[in-house]
Amino acid sequence: MYFGATYRIALLGHFALSVGATVTDSKALDSCPGYNVLKVLDHGPKLTAVLRLAGKACNVFGNDLPELALEVTYETKNRIHVKITDPANDRYEVSESVLPRPKVDPHADPSTSNIRFNYTSMPFGFSIYRASTHEVLFSTASHPIIFEPQYLRVKTTLPADANIYGLGEHTDPFRLPTHSYTRTLWARNARGIPQGSNLYGVHPVYFEHRTTGTHGVFIANSNGMDVKINDTEGPGTTLEYNVIGGVLDFYFLAGDEDDPTEVARQYAEIVGTPAEVPYWSFGFHQCRWGYQNYVDIAQVITNYSAASIPLETMWTDIDYMYRRLVFTLDPDYFPLNRMREIIDYLHSHGQRYILMVDPAVGYLSNSDYGPYNRGAEADIWLKAANGSSPHLGAVWPGVAVWPDWFHEKAQDYWTNEFRLFFDPDTGLDVDGSWIDLNEPTSFCIFPCTDPFEQSREQDLPPARPAPPPDPNTPIFGQAPASILDKRGHRGDDLEFPPYAIANLAALHANGLVEYDAHNLFGTMMSTATHNALLARRPGQRTVVITRSTFAGAGKHVGKWLGDNLSEWSHYRQSISGILGMAGVYQMPMVGADVCGFAENTTETLCARWATLGAFYPFMRNHNTNTTISQEFYRWPLTTRAAQRALDTRYRLLDYLYTAFHQAQADGTPVLRALWYAFPKDTRTFGIDTQFLFGPSILVSPVIEENATSVEVYYPAAHFYDLHTLERAHSAQEGARTVRLTGVDFTEIPVAIMGGVVLPLRVKGAMTTTELRARDFELVVAPDQDGRAAGSLYVDDGVSVVQERTTAVSFEYRAGRLAVRGAFGYPLGVKVARVRFAGVERRPDAVSVDGEAVGVDRVEFDSERGVLDIALGFSFDRNFTIEVK
C-alpha cells in the first residue's frame, strides 16, 4: 500500500524471476511434436486417454514429459472440464480447501450439452464448440501442447480483433488489447497500479464476447503464468498460456447466445457467488494513512457531521499500532480508553469503525509480544528452506514472520487474536476488517540474507513524526479543528525457473509454498479473517476488504483496487477495474480509493471522483501520509459534490442491495459493461468509460481533466435522466453518441434505462440507520413497448440467516402498475408516491386498487413528461395503480 518508503519492495521469500519476460519463438514452439492420443475410454459424460509424446522432444525449458493423462468431463449442460496431468508424478494442484470444485450434474450428457469437446489424435489437439451452431470457441489445432516440469503451454486461435475481458488483476482497458499483449498473473505489491503490469490479485478467467454469443474459459491454476494475446500470426487472434507449474485444469463455459450475464452465473457455479454484505457497508467510508493520533480521528468524524456529509464508517490505517506491530495499540498516540470512547461514540450515532490488519507478525522471540509467542507455540509460521525455523522477512515492524494458512492451527490462531484484541468489553469493538500487504509483501531485498540488517537500514519500524497528544484532550462536542508437500519439484529451479514470467517486480518469493501457492496467500488470509470476524459476532455478516485475491475470494470478502494515484487517468481507469472485479471475477464489493491514494489531489479531481465513487459498490476516500488531506469537507466544491452524490447513492441503496442479493443467489453481475445489456451492438464492446450500476442505471462520468462536457453513448433504447426523469434518449432515435455540456463539477450524468421500476428512498440520510426509516417512492421508466419491471429485497441488513424477508416485484404494462410481494420483514415505512416517466399527457383518471385518486394528489409536468401520484400508505401490502 505504501508510498512513503524509499526502499525497493520485494515479495516474500527468495524466488527471483528476471525483470524481463522470457522471449519465445512462437513458430518454434508451434513446431514441437505435441502428443498422440492412445487408450481412449469414452463413457459418455467422461472421456479419458493417454497422451504420448509424438516425436523428438523440444525440451524448451526442461524435459518434455513422455506421457500425460487426459480427462474430459461434461459436468453440466453448460460446462466442460478438461484436465491434463502427469500420471507418473504428483504435481501441485490448487487445494479444494481454497477453491472447492463445483458440483457435477449426474445427468450431464454430451448429446444435450450446449458446448461440446472434439479432438484429433495424431497429434492431439482439441476444440470446444457451440452445439447449436458448431461455432468453435476454443481450438488448439496447429498449436501443440507443451508439458514440462516448469513450463506448460496451451494456445488457441480466436477470431480477429477478439473481444476478451478478464485475466486480472490489471489496470489495462476492460476490453483487452489483442496486439502483442502479455498479461502476467502473479500477485505483487504494485506501487501506483501501473498499466501493462501484473497487480495484487490473480483471476485466470476470461470472457470472450461475439455477436453470436458470450462464453468463458477458466484455468484452475495458481502458479505464475503469462497469457499472451496476439494478432500478428495470421488472420485471427491467438491466446497462449505459458504456465510455470501445476497442471492444465480448464473449465469451459457455454455462456449464452443472447444474454452475456449467463456466463457470469456459470462462472459463479465454479468459484462461488459473492458474499452478502451488511446493508451499512454500502454507506460512505473515510480513511487515511496518516491520522497520527486519536484526536485526528475524532476531528474527522466531527467535521463530516458539521459539513452535513454522511459518514457511515471511520477507518484507521497502521498508525494505531505500537511500533507497527499487528494486534497492538500505541498507548501514547491511540490509548485504549480514548479509542473505546471513539468507537462507542460512533456506535451510539449509528456509525461504524474498521481497522487495518496486516499479515506480517513482528519477530520478537524474546519478548512478551503475545501474537508472536502464541503463533510460535502453535508452530504456525511459514518455514524457511530448512523446514524448521520460521521464514524471516522485513515489513513495517521490522523483522517479521507470516502465518502459514495451510497449517491446521492457523485459523484457530487468527480467530483467537481477533477475539483478544477486538474484544467488545476489553478491546476495540470493530465492525469489520481491512487487510493489506497480503500478496504477501516483504520489504527485504533479495537475497534477504540478513533481514535484521535490512530492517535497520530501512528504519523499520519508522519513527513517529510528531509528539503524542495530551491523553485528556477533549474530543467530540468540540469545535472542528506454510510447509506444503514438495511433490513434483525434485530438481526444479524454484529461484530462477527456466521460463520467467513477465513480472515487473524483479524479486519474488520462493519455495513450494510460494512458487506454487503464492497467489493463494491473500485469499486464504481473507477467508481466515472472515471466519475470525464471524466468530466474534456469530450469525452476523462480515465486512472484510482485502488487496490480494484469487479466484473465489468474493465468496467471503470485498476488494479495493489498491494504491492508485491522484491523477485523472487513474480516476478513469477505476471504471475498468470495478467492471473486471464485479462483472467478471465475482467480486462486486469493490471500489477504488476515491480522490486517489498517492500524490496530491485537486479540488476539481476530488469533486469529480466523489460523484463517480458514489457508484462504486464500495465507496471509500483514502490517501497516504505524504500528501495533503483530502476529506470531502476540505473544499467547498468537493463538499457540494459529495453531498449531492451521497444523497443520490443513498436513495439508490435498496436498489443496490437488491442487486447484491441477486448476485449472492446466482452470480448475476452487480455492475455491467454496456455490451452486457446490448450484446449485438458492436459499438459497446470497447466502452469502459460508461457502465451500468445494477441492471438499469447508466453512469457516464466526465472523464477529461477539468472538463464540463462528456460524450455519452446511448444504445437504441429509452433512457431517462435519473434526477429529472426527463427522457434523455429515445429508442426511435437509434444508437447515437451525444455530447452533454455544462456538467457541473458537483454533477455526474446518470440515466435510467427504459424498462425498469426503481424503488428509491425519498431522500438520503446521514447514516444508513436513518435511511432505513425513510419512505419509498417508485419510479416507473417504461421501455419503447411501454413496459417496465423491477424488484425490491429487504431484510434486517446484518444477519447471515434471515428469519423474515420482504421480496416485492413490480410490473407495469398498458398503464397498469402491479406491486406484489411477500412482506415478511416489516419495512416500517410508507410508499410516499409513484413517479411515471415518459408520460405524454395528463391522464383522464388515476386509481389505486380501483379507487379514484383525487386531482390534488396527481401532478403532471408536461415539459418533462413526468406524472407524480401521491400515495402515503404503509408499504406492507400489494397494490395496483391504473393510469388511463
# chains A, B, ... in the order shown; residues from 1 in each chain; ligands from 1
>>> residues_around(residues="range 235-249 of chain A", least_positions_apart="2", cutoff="6 Å", atoms="only C-alpha atoms", output="list of chain:residue names")
A:Lys83, A:Ile84, A:Thr85, A:Arg91, A:Tyr92, A:Glu93, A:Gln150, A:Tyr151, A:Leu152, A:Arg153, A:Val154, A:Lys155, A:Thr156, A:Thr157, A:Leu158, A:Pro159, A:Ala160, A:Ile219, A:Ala220, A:Asn223, A:Gly224, A:Met225, A:Asp226, A:Val227, A:Lys228, A:Ile229, A:Asn230, A:Asp231
>>> write_last_selection(atoms="C-alpha atoms", output="PDB file, in the first residue's frame")
ATOM      1  CA  LYS A  83      -7.725 -31.742 -17.264  1.00  0.00           C
ATOM      2  CA  ILE A  84      -4.241 -32.812 -18.370  1.00  0.00           C
ATOM      3  CA  THR A  85      -1.852 -34.164 -15.741  1.00  0.00           C
ATOM      4  CA  ARG A  91       2.092 -32.337  -9.191  1.00  0.00           C
ATOM      5  CA  TYR A  92       0.807 -29.363  -7.305  1.00  0.00           C
ATOM      6  CA  GLU A  93      -2.875 -28.525  -7.794  1.00  0.00           C
ATOM      7  CA  GLN A 150       8.286 -25.982 -15.035  1.00  0.00           C
ATOM      8  CA  TYR A 151       6.653 -24.966 -18.282  1.00  0.00           C
ATOM      9  CA  LEU A 152       3.176 -25.703 -19.628  1.00  0.00           C
ATOM     10  CA  ARG A 153       1.882 -24.217 -22.866  1.00  0.00           C
ATOM     11  CA  VAL A 154      -1.598 -24.222 -24.405  1.00  0.00           C
ATOM     12  CA  LYS A 155      -2.513 -21.986 -27.325  1.00  0.00           C
ATOM     13  CA  THR A 156      -5.837 -21.294 -29.012  1.00  0.00           C
ATOM     14  CA  THR A 157      -6.903 -19.455 -32.121  1.00  0.00           C
ATOM     15  CA  LEU A 158      -9.696 -16.886 -31.795  1.00  0.00           C
ATOM     16  CA  PRO A 159     -11.434 -14.543 -34.255  1.00  0.00           C
ATOM     17  CA  ALA A 160      -9.727 -11.411 -35.500  1.00  0.00           C
ATOM     18  CA  ILE A 219      -7.857 -22.354 -15.703  1.00  0.00           C
ATOM     19  CA  ALA A 220      -7.730 -23.549 -12.094  1.00  0.00           C
ATOM     20  CA  ASN A 223       1.170 -20.856 -10.472  1.00  0.00           C
ATOM     21  CA  GLY A 224       2.641 -17.824 -12.144  1.00  0.00           C
ATOM     22  CA  MET A 225       1.788 -17.515 -15.804  1.00  0.00           C
ATOM     23  CA  ASP A 226       1.917 -15.287 -18.845  1.00  0.00           C
ATOM     24  CA  VAL A 227      -1.181 -15.150 -21.026  1.00  0.00           C
ATOM     25  CA  LYS A 228      -0.214 -13.784 -24.425  1.00  0.00           C
ATOM     26  CA  ILE A 229      -2.745 -12.337 -26.858  1.00  0.00           C
ATOM     27  CA  ASN A 230      -1.543 -11.563 -30.354  1.00  0.00           C
ATOM     28  CA  ASP A 231      -2.853 -10.696 -33.809  1.00  0.00           C
TER      29      ASP A 231
END
>>> select_by_dssp(residues="range 255-326 of chain A", states="alpha helix (DSSP H)", output="PyMOL selection string")
chain A and resi 261-271+294-306
>>> residues_around(residues="Pro465 in chain A", least_positions_apart="3", cutoff="12 Å", atoms="only C-alpha atoms", output="list of chain:residue names")
A:Gly290, A:Tyr291, A:Gln292, A:Asn293, A:Asp319, A:Tyr333, A:Pro462, A:Pro468, A:Asn625, A:Thr626
>>> write_last_selection(atoms="N, CA and C atoms", output="PDB file, in the first residue's frame")
ATOM      1  N   GLY A 290      -2.063   8.199   7.997  1.00  0.00           N
ATOM      2  CA  GLY A 290      -1.516   9.469   8.426  1.00  0.00           C
ATOM      3  C   GLY A 290      -2.365  10.177   9.472  1.00  0.00           C
ATOM      4  N   TYR A 291      -3.469   9.559   9.911  1.00  0.00           N
ATOM      5  CA  TYR A 291      -4.148  10.083  11.104  1.00  0.00           C
ATOM      6  C   TYR A 291      -3.242   9.733  12.283  1.00  0.00           C
ATOM      7  N   GLN A 292      -2.595  10.759  12.844  1.00  0.00           N
ATOM      8  CA  GLN A 292      -1.461  10.496  13.726  1.00  0.00           C
ATOM      9  C   GLN A 292      -1.854  10.079  15.136  1.00  0.00           C
ATOM     10  N   ASN A 293      -3.089  10.354  15.516  1.00  0.00           N
ATOM     11  CA  ASN A 293      -3.475  10.016  16.880  1.00  0.00           C
ATOM     12  C   ASN A 293      -4.997  10.005  16.992  1.00  0.00           C
ATOM     13  N   ASP A 319      -1.366   3.364  11.564  1.00  0.00           N
ATOM     14  CA  ASP A 319      -0.915   4.378  12.519  1.00  0.00           C
ATOM     15  C   ASP A 319      -1.219   4.003  13.965  1.00  0.00           C
ATOM     16  N   TYR A 333      -0.311   7.421  21.547  1.00  0.00           N
ATOM     17  CA  TYR A 333      -0.997   8.069  20.434  1.00  0.00           C
ATOM     18  C   TYR A 333      -2.442   7.591  20.263  1.00  0.00           C
ATOM     19  N   PRO A 462       9.304   2.625  11.454  1.00  0.00           N
ATOM     20  CA  PRO A 462       9.610   4.054  11.332  1.00  0.00           C
ATOM     21  C   PRO A 462       9.240   4.812  12.597  1.00  0.00           C
ATOM     22  N   PRO A 468       3.137  12.840  20.961  1.00  0.00           N
ATOM     23  CA  PRO A 468       1.761  12.381  21.211  1.00  0.00           C
ATOM     24  C   PRO A 468       0.900  13.507  21.759  1.00  0.00           C
ATOM     25  N   ASN A 625       0.123   9.232   3.755  1.00  0.00           N
ATOM     26  CA  ASN A 625       0.573  10.201   4.764  1.00  0.00           C
ATOM     27  C   ASN A 625       1.507  11.268   4.213  1.00  0.00           C
ATOM     28  N   THR A 626       1.915  11.160   2.970  1.00  0.00           N
ATOM     29  CA  THR A 626       2.836  12.151   2.403  1.00  0.00           C
ATOM     30  C   THR A 626       2.123  13.141   1.498  1.00  0.00           C
TER      31      THR A 626
END
>>> residues_around(residues="range 566-577 of chain A", least_positions_apart="4", cutoff="6 Å", atoms="only C-alpha atoms", output="list in words")
Phe174, Cys595, Gly596, Ala598, Glu599, Thr601 and Asp688 of chain A
>>> closest_residue(among="A:Ala553, A:Ala69, A:Ile270, A:Ala610", to="Arg101 in chain A", atoms="only C-alpha atoms")
A:Ile270
>>> residues_around(residues="Ser455 in chain A", least_positions_apart="6", cutoff="8 Å", atoms="only C-alpha atoms", output="ChimeraX atom specification")
/A:394-395,398-399,444,461
>>> write_last_selection(atoms="all heavy atoms", output="CSV table (one decimal), in the first residue's frame")
chain,number,residue,atom,x,y,z
A,394,ALA,N,11.1,-8.7,6.2
A,394,ALA,CA,11.1,-7.4,6.8
A,394,ALA,C,9.9,-6.6,6.3
A,394,ALA,O,9.7,-6.5,5.1
A,394,ALA,CB,12.4,-6.6,6.6
A,395,VAL,N,9.1,-6.2,7.2
A,395,VAL,CA,7.9,-5.3,6.9
A,395,VAL,C,7.9,-4.2,7.9
A,395,VAL,O,8.9,-3.8,8.5
A,395,VAL,CB,6.6,-6.1,6.9
A,395,VAL,CG1,5.5,-5.4,6.1
A,395,VAL,CG2,6.8,-7.5,6.2
A,398,GLY,N,9.6,-4.3,11.3
A,398,GLY,CA,11.0,-4.8,11.2
A,398,GLY,C,11.0,-6.2,10.8
A,398,GLY,O,10.2,-6.6,9.9
A,399,VAL,N,11.8,-7.0,11.4
A,399,VAL,CA,11.9,-8.5,11.1
A,399,VAL,C,10.5,-9.1,11.4
A,399,VAL,O,10.0,-8.8,12.5
A,399,VAL,CB,13.0,-9.1,11.8
A,399,VAL,CG1,13.1,-10.6,11.5
A,399,VAL,CG2,14.4,-8.5,11.5
A,444,CYS,N,12.2,-6.9,2.4
A,444,CYS,CA,13.6,-7.4,2.5
A,444,CYS,C,14.1,-7.7,1.1
A,444,CYS,O,13.5,-8.5,0.3
A,444,CYS,CB,13.6,-8.7,3.3
A,444,CYS,SG,15.3,-9.1,3.8
A,461,PRO,N,10.9,-0.4,12.7
A,461,PRO,CA,9.7,0.4,12.3
A,461,PRO,C,10.0,1.9,12.3
A,461,PRO,O,10.9,2.3,13.0
A,461,PRO,CB,8.7,0.1,13.5
A,461,PRO,CG,9.6,-0.2,14.6
A,461,PRO,CD,10.8,-0.9,14.1
>>> residues_around(residues="Ile748 in chain A", least_positions_apart="4", cutoff="9 Å", atoms="only C-alpha atoms", output="count of residues only")
10
>>> closest_residue(among="A:Asn89, A:Ser127, A:Ser31, A:Thr178", to="His143 in chain A", atoms="only C-alpha atoms")
A:Ser31
>>> atom_distance(atom1="CA of Ile309 in chain A", atom2="CA of Thr639 in chain A")
7.4 Å
